[in-house]
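File shown: model_16.tsv. Contents: TSV, C-alpha atoms (C1' of nucleotides).
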```tsv
chain	number	residue	atom	x	y	z
A	365	MET	CA	-6.52	-18.37	-1.11
A	366	PRO	CA	-4.28	-19.41	1.51
A	367	GLU	CA	-3.19	-17.72	4.64
A	368	LEU	CA	-3.20	-19.56	7.94
A	369	PRO	CA	-7.00	-19.80	8.34
A	370	GLU	CA	-7.49	-21.06	4.81
A	371	VAL	CA	-4.74	-23.63	5.19
A	372	GLU	CA	-6.27	-24.75	8.48
A	373	THR	CA	-9.62	-25.14	6.73
A	374	VAL	CA	-8.05	-27.19	3.96
A	375	LEU	CA	-6.30	-29.33	6.57
A	376	ARG	CA	-9.53	-30.04	8.42
A	377	GLY	CA	-11.26	-30.89	5.20
A	378	LEU	CA	-8.55	-33.36	4.22
A	379	GLN	CA	-8.22	-35.07	7.58
A	380	PRO	CA	-11.28	-37.32	7.44
A	381	HIS	CA	-10.31	-38.49	3.96
A	382	LEU	CA	-6.63	-39.09	4.57
A	383	GLU	CA	-5.82	-39.82	8.19
A	384	GLY	CA	-5.40	-43.54	8.68
A	385	GLN	CA	-5.78	-44.22	4.97
A	386	VAL	CA	-3.37	-45.80	2.54
A	387	ILE	CA	-2.45	-44.09	-0.71
A	388	ALA	CA	-3.10	-46.70	-3.34
A	389	ARG	CA	-1.95	-44.74	-6.36
A	390	ALA	CA	-0.22	-41.45	-7.06
A	391	GLU	CA	0.57	-39.40	-10.14
A	392	ALA	CA	2.92	-36.49	-10.69
A	393	ARG	CA	1.43	-34.88	-13.76
A	394	ARG	CA	3.51	-31.75	-14.00
A	395	PRO	CA	6.87	-31.85	-12.30
A	396	ASP	CA	7.96	-28.29	-13.10
A	397	LEU	CA	6.50	-26.38	-10.21
A	398	ARG	CA	8.55	-23.50	-8.91
A	399	TRP	CA	10.45	-26.11	-6.93
A	400	PRO	CA	10.40	-29.28	-8.97
A	401	LEU	CA	8.56	-32.21	-7.49
A	402	PRO	CA	10.89	-34.75	-5.86
A	403	PRO	CA	11.70	-37.45	-8.40
A	404	ASP	CA	10.73	-40.22	-5.98
A	405	LEU	CA	7.40	-38.65	-5.01
A	406	VAL	CA	5.21	-41.25	-6.67
A	407	GLN	CA	7.33	-44.10	-5.38
A	408	VAL	CA	7.24	-42.86	-1.79
A	409	LEU	CA	3.52	-42.08	-1.83
A	410	THR	CA	2.40	-45.33	-3.40
A	411	GLY	CA	1.38	-47.71	-0.63
A	412	ALA	CA	2.11	-45.18	2.12
A	413	ARG	CA	-0.18	-44.98	5.12
A	414	VAL	CA	-1.04	-41.46	6.26
A	415	VAL	CA	-0.65	-41.48	10.03
A	416	ALA	CA	-1.60	-37.87	10.70
A	417	LEU	CA	-2.11	-34.52	9.01
A	418	ARG	CA	-1.00	-31.33	10.66
A	419	ARG	CA	-0.28	-27.71	9.86
A	420	ARG	CA	2.79	-25.58	10.49
A	421	SER	CA	2.43	-21.97	9.39
A	422	LYS	CA	0.94	-22.20	5.88
A	423	TYR	CA	2.38	-25.66	5.31
A	424	ILE	CA	0.48	-28.92	5.54
A	425	LEU	CA	2.42	-31.99	6.65
A	426	ALA	CA	1.17	-35.50	6.04
A	427	GLU	CA	3.05	-37.90	8.24
A	428	LEU	CA	3.59	-41.19	6.43
A	429	GLN	CA	4.12	-44.43	8.31
A	430	ASP	CA	7.87	-45.19	8.18
A	431	ARG	CA	8.38	-42.93	5.16
A	432	GLY	CA	8.79	-39.49	6.61
A	433	SER	CA	6.34	-36.78	5.63
A	434	LEU	CA	4.76	-35.14	2.65
A	435	LEU	CA	5.13	-31.35	2.80
A	436	LEU	CA	2.63	-29.18	0.95
A	437	HIS	CA	2.31	-25.44	0.41
A	438	LEU	CA	-0.53	-23.90	-1.58
A	439	GLY	CA	1.38	-20.80	-2.69
A	440	MET	CA	-0.90	-18.10	-4.04
A	441	SER	CA	-3.32	-20.16	-6.07
A	442	GLY	CA	-3.02	-23.73	-4.84
A	443	ARG	CA	-6.18	-25.75	-4.19
A	444	MET	CA	-7.00	-29.20	-2.99
A	445	LEU	CA	-9.85	-31.02	-4.66
A	446	ILE	CA	-11.59	-34.09	-3.29
A	447	GLU	CA	-13.66	-36.57	-5.21
A	448	ASP	CA	-15.15	-39.70	-3.80
A	449	GLN	CA	-17.88	-42.15	-4.58
A	450	ALA	CA	-20.17	-40.87	-1.85
A	451	GLN	CA	-20.18	-37.52	-3.54
A	452	GLY	CA	-22.00	-38.85	-6.56
A	453	GLY	CA	-22.08	-36.64	-9.61
A	454	PHE	CA	-18.88	-34.71	-9.15
A	455	HIS	CA	-18.88	-31.40	-10.93
A	456	ARG	CA	-15.71	-29.40	-11.11
A	457	ASP	CA	-15.80	-25.62	-11.29
A	458	PRO	CA	-14.90	-24.93	-14.94
A	459	ALA	CA	-12.51	-22.20	-13.77
A	460	ILE	CA	-10.31	-24.85	-12.14
A	461	LEU	CA	-8.45	-26.09	-15.17
A	462	PRO	CA	-7.38	-29.73	-15.26
A	463	ARG	CA	-4.11	-28.73	-16.88
A	464	HIS	CA	-3.08	-27.33	-13.51
A	465	ASP	CA	-3.62	-30.62	-11.69
A	466	HIS	CA	-0.02	-31.25	-10.65
A	467	VAL	CA	-0.26	-34.07	-8.12
A	468	VAL	CA	-3.13	-36.55	-7.91
A	469	PHE	CA	-3.50	-39.49	-5.57
A	470	TRP	CA	-6.12	-42.03	-4.65
A	471	THR	CA	-6.70	-43.61	-1.27
A	472	ASP	CA	-7.52	-47.28	-1.06
A	473	ARG	CA	-11.08	-46.22	-0.27
A	474	GLY	CA	-11.31	-44.73	-3.75
A	475	THR	CA	-11.09	-41.05	-2.78
A	476	ARG	CA	-9.17	-38.92	-5.24
A	477	ILE	CA	-7.20	-35.94	-3.92
A	478	THR	CA	-5.87	-33.38	-6.40
A	479	PHE	CA	-3.38	-30.59	-5.88
A	480	ASN	CA	-4.23	-27.93	-8.47
A	481	ASP	CA	-2.17	-24.73	-8.73
A	482	ALA	CA	-2.42	-22.39	-11.70
A	483	ARG	CA	0.45	-20.09	-10.78
A	484	ARG	CA	2.73	-22.89	-9.66
A	485	PHE	CA	4.02	-20.99	-6.65
A	486	GLY	CA	2.91	-23.88	-4.49
A	487	MET	CA	5.22	-26.62	-3.38
A	488	VAL	CA	5.17	-30.34	-2.75
A	489	ASP	CA	8.18	-32.00	-1.17
A	490	LEU	CA	9.18	-34.99	0.89
A	491	VAL	CA	10.78	-35.00	4.30
A	492	ALA	CA	12.89	-38.05	5.07
A	493	PRO	CA	12.14	-40.02	8.26
A	494	GLY	CA	13.62	-38.24	11.23
A	495	ALA	CA	14.75	-35.30	9.13
A	496	SER	CA	13.68	-31.69	9.30
A	497	HIS	CA	12.88	-29.53	6.33
A	498	PRO	CA	14.83	-26.33	5.61
A	499	LEU	CA	11.66	-24.41	4.77
A	500	LEU	CA	10.37	-25.02	8.28
A	501	ALA	CA	13.62	-24.33	10.05
A	502	HIS	CA	13.32	-20.60	10.58
A	503	LEU	CA	9.60	-20.14	11.10
A	504	GLY	CA	8.50	-18.05	14.05
A	505	PRO	CA	5.89	-19.05	16.62
A	506	GLU	CA	2.46	-20.25	15.66
A	507	PRO	CA	0.17	-17.29	16.38
A	508	LEU	CA	-2.50	-19.54	17.91
A	509	SER	CA	-0.07	-21.36	20.18
A	510	ASP	CA	0.94	-20.61	23.75
A	511	GLY	CA	4.34	-19.63	22.44
A	512	PHE	CA	2.95	-16.51	20.80
A	513	THR	CA	3.06	-14.12	23.73
A	514	PRO	CA	3.27	-10.33	23.96
A	515	GLU	CA	6.83	-10.73	25.21
A	516	VAL	CA	7.84	-12.69	22.12
A	517	LEU	CA	6.41	-10.12	19.74
A	518	ILE	CA	7.82	-7.20	21.71
A	519	ALA	CA	11.28	-8.78	21.55
A	520	ALA	CA	10.93	-9.54	17.84
A	521	PHE	CA	9.96	-5.94	17.05
A	522	ALA	CA	12.72	-4.39	19.14
A	523	GLY	CA	15.10	-2.31	17.04
A	524	ARG	CA	13.26	-2.97	13.80
A	525	ARG	CA	13.03	0.01	11.55
A	526	SER	CA	10.89	-1.63	8.90
A	527	PRO	CA	7.17	-0.93	8.85
A	528	VAL	CA	5.10	-3.11	11.15
A	529	LYS	CA	3.21	-4.33	8.07
A	530	THR	CA	6.43	-5.76	6.67
A	531	ALA	CA	7.50	-7.19	10.02
A	532	LEU	CA	4.26	-9.10	10.45
A	533	LEU	CA	4.64	-10.61	6.99
A	534	ASP	CA	8.07	-11.90	7.98
A	535	GLN	CA	7.44	-15.56	8.76
A	536	ARG	CA	10.42	-15.63	11.12
A	537	ILE	CA	8.66	-13.20	13.45
A	538	VAL	CA	5.29	-14.89	13.44
A	539	ALA	CA	4.30	-17.76	11.17
A	540	GLY	CA	1.19	-17.90	9.04
A	541	LEU	CA	0.09	-14.31	8.60
A	542	GLY	CA	-0.31	-13.03	5.06
A	543	ASN	CA	-1.34	-9.86	3.35
A	544	ILE	CA	-5.03	-10.00	4.30
A	545	TYR	CA	-4.82	-10.78	7.98
A	546	VAL	CA	-1.96	-8.37	8.61
A	547	SER	CA	-4.17	-5.52	7.41
A	548	GLU	CA	-7.09	-6.85	9.43
A	549	ALA	CA	-5.09	-7.27	12.65
A	550	LEU	CA	-3.48	-3.83	12.39
A	551	HIS	CA	-6.86	-2.20	11.90
A	552	ARG	CA	-8.24	-3.94	14.96
A	553	ALA	CA	-5.19	-2.87	16.93
A	554	GLY	CA	-5.40	0.74	15.71
A	555	ILE	CA	-1.82	0.67	14.43
A	556	ASP	CA	-0.73	2.43	11.23
A	557	PRO	CA	0.89	-0.16	8.94
A	558	ARG	CA	3.65	2.34	8.10
A	559	ARG	CA	4.78	2.68	11.70
A	560	ALA	CA	8.23	1.28	12.38
A	561	ALA	CA	7.85	-1.98	14.27
A	562	GLY	CA	10.49	-0.97	16.80
A	563	ARG	CA	8.67	2.22	17.66
A	564	ILE	CA	5.42	0.78	18.93
A	565	GLY	CA	4.84	0.77	22.67
A	566	ALA	CA	4.86	-2.52	24.54
A	567	ALA	CA	1.22	-2.22	25.55
A	568	ARG	CA	0.13	-1.71	21.97
A	569	ILE	CA	2.19	-4.67	20.79
A	570	ALA	CA	0.66	-6.77	23.53
A	571	ALA	CA	-2.81	-5.78	22.35
A	572	LEU	CA	-1.79	-6.58	18.79
A	573	THR	CA	-0.98	-10.18	19.72
A	574	GLY	CA	-4.53	-10.54	20.99
A	575	HIS	CA	-6.00	-9.07	17.82
A	576	ILE	CA	-3.90	-11.39	15.66
A	577	ARG	CA	-5.22	-14.37	17.61
A	578	ASP	CA	-8.78	-13.11	17.40
A	579	VAL	CA	-8.89	-12.42	13.70
A	580	LEU	CA	-7.32	-15.78	12.84
A	581	THR	CA	-9.61	-17.65	15.21
A	582	GLU	CA	-12.67	-15.95	13.77
A	583	ALA	CA	-11.61	-16.67	10.21
A	584	ILE	CA	-11.06	-20.35	11.00
A	585	ALA	CA	-14.45	-20.51	12.67
A	586	ALA	CA	-16.03	-18.87	9.62
A	587	GLY	CA	-14.38	-21.39	7.34
A	588	GLY	CA	-15.49	-24.25	9.46
A	589	SER	CA	-19.09	-23.19	9.78
A	590	SER	CA	-19.86	-21.80	6.36
A	591	LEU	CA	-18.78	-24.84	4.41
A	592	ARG	CA	-20.31	-28.15	5.29
A	593	ASP	CA	-17.49	-30.67	5.51
A	594	HIS	CA	-15.23	-27.80	4.43
A	595	ARG	CA	-16.06	-28.60	0.89
A	596	GLN	CA	-18.00	-26.94	-1.87
A	597	ALA	CA	-20.11	-28.81	-4.35
A	598	THR	CA	-17.20	-28.66	-6.77
A	599	GLY	CA	-15.00	-30.60	-4.37
A	600	GLU	CA	-12.79	-27.63	-3.73
A	601	LEU	CA	-11.48	-27.07	-0.25
A	602	GLY	CA	-10.65	-23.97	1.59
A	603	TYR	CA	-12.79	-21.25	0.13
A	604	PHE	CA	-15.34	-19.48	2.23
A	605	GLN	CA	-16.96	-16.13	2.56
A	606	HIS	CA	-14.71	-13.68	4.35
A	607	ALA	CA	-15.87	-10.73	6.35
A	608	PHE	CA	-12.97	-8.33	5.95
A	609	ARG	CA	-13.12	-5.00	7.67
A	610	VAL	CA	-10.47	-3.25	5.59
A	611	TYR	CA	-8.86	-5.64	3.11
A	612	ASP	CA	-9.87	-4.81	-0.49
A	613	ARG	CA	-12.25	-2.12	0.80
A	614	GLU	CA	-10.55	1.03	-0.44
A	615	GLY	CA	-12.87	4.03	-0.12
A	616	ALA	CA	-15.35	2.27	2.15
A	617	PRO	CA	-16.21	3.88	5.47
A	618	CYS	CA	-14.12	2.69	8.39
A	619	PRO	CA	-16.05	-0.03	10.19
A	620	ARG	CA	-14.88	1.05	13.64
A	621	PRO	CA	-17.92	2.40	15.47
A	622	GLY	CA	-17.89	6.19	15.52
A	623	CYS	CA	-14.84	6.52	13.29
A	624	PRO	CA	-15.41	9.02	10.44
A	625	GLY	CA	-12.49	7.72	8.36
A	626	ALA	CA	-12.42	5.99	4.99
A	627	ILE	CA	-10.31	2.99	4.14
A	628	ARG	CA	-7.17	3.81	2.19
A	629	ARG	CA	-4.95	1.60	0.08
A	630	ILE	CA	-1.20	2.10	-0.02
A	631	VAL	CA	1.62	-0.02	-1.40
A	632	GLN	CA	4.34	-1.34	0.90
A	633	SER	CA	7.07	-3.63	-0.34
A	634	ALA	CA	5.12	-3.91	-3.58
A	635	ARG	CA	2.01	-5.21	-1.82
A	636	SER	CA	-1.28	-3.52	-0.97
A	637	SER	CA	-2.02	-2.43	2.57
A	638	TYR	CA	-5.46	-1.27	3.63
A	639	PHE	CA	-6.01	0.88	6.68
A	640	CYS	CA	-7.94	3.76	8.17
A	641	PRO	CA	-5.81	6.91	8.54
A	642	GLN	CA	-8.22	8.24	11.15
A	643	CYS	CA	-8.04	5.50	13.74
A	644	GLN	CA	-4.75	3.78	12.97
A	645	LYS	CA	-1.79	5.71	14.34
R	751	DA	C1'	22.03	-8.32	10.04
R	752	DA	C1'	18.34	-5.85	8.23
R	753	DC	C1'	16.16	-4.36	4.44
R	754	DA	C1'	14.63	-3.53	-0.56
R	755	DG	C1'	14.12	-5.21	-4.78
R	756	DT	C1'	13.53	-9.00	-8.03
R	757	DA	C1'	12.03	-13.36	-9.63
R	758	DC	C1'	8.96	-17.12	-10.18
R	759	DC	C1'	3.82	-18.06	-13.11
R	760	DT	C1'	-1.09	-17.79	-14.78
R	761	DG	C1'	-5.52	-15.72	-15.01
R	762	DA	C1'	-9.03	-12.27	-14.05
R	763	DA	C1'	-10.44	-7.63	-14.31
R	764	DC	C1'	-10.08	-3.36	-16.29
R	765	DG	C1'	-9.38	0.58	-19.76
R	766	DC	C1'	-9.25	1.81	-24.43
V	566	DT	C1'	-14.23	-8.08	-29.76
V	567	DG	C1'	-9.59	-7.66	-28.95
V	568	DC	C1'	-5.46	-6.03	-26.92
V	569	DG	C1'	-2.55	-4.18	-23.45
V	570	DT	C1'	-1.98	-3.20	-18.49
V	571	DT	C1'	-2.43	-4.12	-13.73
V	572	DC	C1'	-3.21	-6.84	-9.98
V	573	DA	C1'	-3.61	-11.19	-7.11
V	574	DG	C1'	-4.04	-14.40	-0.57
V	575	DG	C1'	3.65	-16.37	-1.09
V	576	DT	C1'	8.39	-16.87	-0.46
V	577	DA	C1'	13.38	-17.48	-1.84
V	578	DC	C1'	17.12	-15.23	-3.58
V	579	DT	C1'	20.35	-11.30	-4.45
V	580	DG	C1'	22.68	-7.20	-3.49
V	581	DT	C1'	23.38	-3.14	-0.62
```
Starting from the file, lay out its structure as structure tokens.
Amino acid sequence: MPELPEVETVLRGLQPHLEGQVIARAEARRPDLRWPLPPDLVQVLTGARVVALRRRSKYILAELQDRGSLLLHLGMSGRMLIEDQAQGGFHRDPAILPRHDHVVFWTDRGTRITFNDARRFGMVDLVAPGASHPLLAHLGPEPLSDGFTPEVLIAAFAGRRSPVKTALLDQRIVAGLGNIYVSEALHRAGIDPRRAAGRIGAARIAALTGHIRDVLTEAIAAGGSSLRDHRQATGELGYFQHAFRVYDREGAPCPRPGCPGAIRRIVQSARSSYFCPQCQK
DNA sequence: AACAGTACCTGAACGC
DNA sequence: TGCGTTCAGGTACTGT
């Protein structure tokens, strides 16, 4: 399930199969995603050479030689499946229903890549050569880039009355965080998710930037090391064992050494937040 | 301009 | 077993 680290893991898993390869065949099996597939998707993909794959926020971009880019978002339930000859007896997890295979394509090496998304919140679109895409236009800094500095986050929080939880989910402030890693980063930083973003001291915001970097870096490392070739036996990419300190741990003891608190769940903007009332202020 | 609420969709887990 | 309810890792849109 895709926040930045999961998308990065999916990206790294796809790279060896796609970069430098030509898409020999493509199918759009179900065009009615939340945003309909572009009508010329199959035409543009067929015969296209994938020059490079990269990530921006939770989006994956496949740069196509002379044909612009393919833009992909996994939404809440999107998955990428890989099948190839080297894999031998491919066995798909029976919970991943073929009726949710929306886009399928084959490289000229015979590898099949499938975008499967039960809830259809994911998105596949094309970006014309030299064009930009509106969905990428207003994204904030990449949290693992040099552009994500304490000064940037301090400025972005200034004057904001909304809870810091909500502010960190705003992709214009910082790109790629989702519900899990916001809770995790705020716990590490000792900041109450209900606190107004504009009322956090500069030093604490500066520390928060470091914790955001750390938790994302650790999650990417966990994804990369726990899954050989980033792929499970079922061919599914991007799933790995998480080690959350607070997310989905309501009632559990606070993992901070010496803290007597218990993890609490609250709802903010209709989404769960997990935190320790003892050590997050 | 910032913010809250709603909408989009399916499936898994839970309570009765 | 079946049925209803609630919840799920995202983001765009609308209205105040």
Would you compute, for all listed atoms of range 757-764 of chain R, the axis-aligned bounding box grown by 3 Å on each side, and then report its centre and edge lengths in Å rounded to one decimal, as lines of an AutoDock Vina configuration file?
```
center_x = 0.8
center_y = -10.7
center_z = -13.0
size_x = 28.5
size_y = 20.7
size_z = 12.7
```
Q) Within 7 Å of chain A, which residues of chain R show up when using only C-alpha atoms (C1' of nucleotides), listed as a ChimeraX atom specification? A) /R:758-760
Using only C-alpha atoms (C1' of nucleotides), what table do you get, as a Markdown table, when you list each residue of chain V with an atom no more than 12 Å from chain A, its nearest pair of atoms, and their distance in Å rounded to one decimal, rows by chain then rising number?
```
| residue | atom | partner | partner_atom | distance |
| --- | --- | --- | --- | --- |
| V:DC572 | C1' | A:Ser636 | CA | 9.8 |
| V:DA573 | C1' | A:Met440 | CA | 8.0 |
| V:DG574 | C1' | A:Met365 | CA | 4.7 |
| V:DG575 | C1' | A:Gly439 | CA | 5.2 |
| V:DT576 | C1' | A:Gly439 | CA | 8.3 |
| V:DA577 | C1' | A:Leu499 | CA | 9.7 |
```
Q.
Using only C-alpha atoms (C1' of nucleotides), which protein or nucleic acid residues come within 12 Å of Arg609 in chain A? Drop anything in the same chain fewer than 3 positions from it, and give the result as a list in words.
A.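 Non-adjacent residues within range: Ile544, Tyr545, Val546, Ser547, Glu548, Ala549, Leu550, His551, Arg552, Val579, His606, Asp612, Arg613, Glu614, Gly615, Ala616, Pro617, Cys618, Pro619, Arg620, Pro621, Ala626, Ile627, Arg628, Tyr638, Phe639 and Cys640 of chain A.
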Q: Can you work out which one of A:Ile387, A:Leu503, A:Val371, A:Val408 has the shortest atom-to-atom distance to Gly442 in chain A, counting only C-alpha atoms?
A: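 Of the candidates, the smallest distance to Gly442 in chain A is held by A:Val371.
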(Q) Quick check, in Å to one decimal: how far apart do CA of Arg568 in chain A and CA of Ile518 in chain A lie? (A)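 Interatomic distance here is 9.5 Å.
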Q) Distance CA of Asn480 in chain A-CA of Lys529 in chain A, one decimal place? A) 29.8 Å
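Rounded to one decimal, CA of Ile569 in chain A and CA of Leu532 in chain A lie 11.4 Å from each other.
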Q: Please return, as a list of chain:residue names, all polymer residues that have at least one atom within 10 Å of the point (14.4, -3.4, -1.5); use only C-alpha atoms (C1' of nucleotides) and the file's own coordinate frame.
A: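 Here the neighbourhood of the point contains A:Ser633, A:Ala634, R:DC753, R:DA754, R:DG755, R:DT756, V:DG580, V:DT581.
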Restore N, CA, C and O atoms in range 420-437 of chain A and list the result as a compact mmCIF listing (two decimals), in the frame of the given file.
```txt
# COMPACT_ATOMS: atom_id res chain seq x y z
N ARG A 420 1.78 -26.45 9.90
CA ARG A 420 2.79 -25.58 10.49
C ARG A 420 2.85 -24.34 9.61
O ARG A 420 3.18 -24.46 8.42
N SER A 421 2.52 -23.19 10.18
CA SER A 421 2.43 -21.97 9.39
C SER A 421 1.44 -22.20 8.24
O SER A 421 0.33 -22.67 8.46
N LYS A 422 1.85 -21.95 7.02
CA LYS A 422 0.94 -22.20 5.88
C LYS A 422 1.26 -23.53 5.21
O LYS A 422 0.80 -23.78 4.09
N TYR A 423 2.04 -24.35 5.86
CA TYR A 423 2.38 -25.66 5.31
C TYR A 423 1.48 -26.73 5.90
O TYR A 423 1.09 -26.67 7.07
N ILE A 424 1.17 -27.72 5.08
CA ILE A 424 0.48 -28.92 5.54
C ILE A 424 1.48 -30.06 5.49
O ILE A 424 2.21 -30.22 4.50
N LEU A 425 1.53 -30.83 6.57
CA LEU A 425 2.42 -31.99 6.65
C LEU A 425 1.58 -33.24 6.80
O LEU A 425 0.74 -33.33 7.70
N ALA A 426 1.81 -34.19 5.92
CA ALA A 426 1.17 -35.50 6.04
C ALA A 426 2.23 -36.49 6.50
O ALA A 426 3.17 -36.79 5.74
N GLU A 427 2.07 -36.95 7.71
CA GLU A 427 3.05 -37.90 8.24
C GLU A 427 2.75 -39.29 7.68
O GLU A 427 1.63 -39.79 7.81
N LEU A 428 3.76 -39.88 7.06
CA LEU A 428 3.59 -41.19 6.43
C LEU A 428 4.26 -42.26 7.29
O LEU A 428 5.40 -42.08 7.74
N GLN A 429 3.56 -43.35 7.49
CA GLN A 429 4.12 -44.43 8.31
C GLN A 429 5.46 -44.88 7.74
O GLN A 429 5.54 -45.35 6.59
N ASP A 430 6.52 -44.71 8.52
CA ASP A 430 7.87 -45.19 8.18
C ASP A 430 8.47 -44.53 6.94
O ASP A 430 9.51 -44.98 6.45
N ARG A 431 7.85 -43.52 6.40
CA ARG A 431 8.38 -42.93 5.16
C ARG A 431 8.57 -41.43 5.27
O ARG A 431 8.60 -40.73 4.25
N GLY A 432 8.62 -40.93 6.48
CA GLY A 432 8.79 -39.49 6.61
C GLY A 432 7.48 -38.76 6.43
O GLY A 432 6.43 -39.25 6.83
N SER A 433 7.53 -37.60 5.79
CA SER A 433 6.34 -36.78 5.63
C SER A 433 6.25 -36.19 4.24
O SER A 433 7.27 -35.98 3.57
N LEU A 434 5.02 -35.92 3.85
CA LEU A 434 4.76 -35.14 2.65
C LEU A 434 4.54 -33.71 3.09
O LEU A 434 3.76 -33.44 4.00
N LEU A 435 5.24 -32.77 2.45
CA LEU A 435 5.13 -31.35 2.80
C LEU A 435 4.45 -30.63 1.65
O LEU A 435 4.83 -30.81 0.48
N LEU A 436 3.45 -29.82 1.98
CA LEU A 436 2.63 -29.18 0.95
C LEU A 436 2.45 -27.70 1.28
O LEU A 436 2.18 -27.34 2.42
N HIS A 437 2.63 -26.86 0.26
CA HIS A 437 2.31 -25.44 0.41
C HIS A 437 1.46 -25.03 -0.78
O HIS A 437 1.74 -25.41 -1.92
```
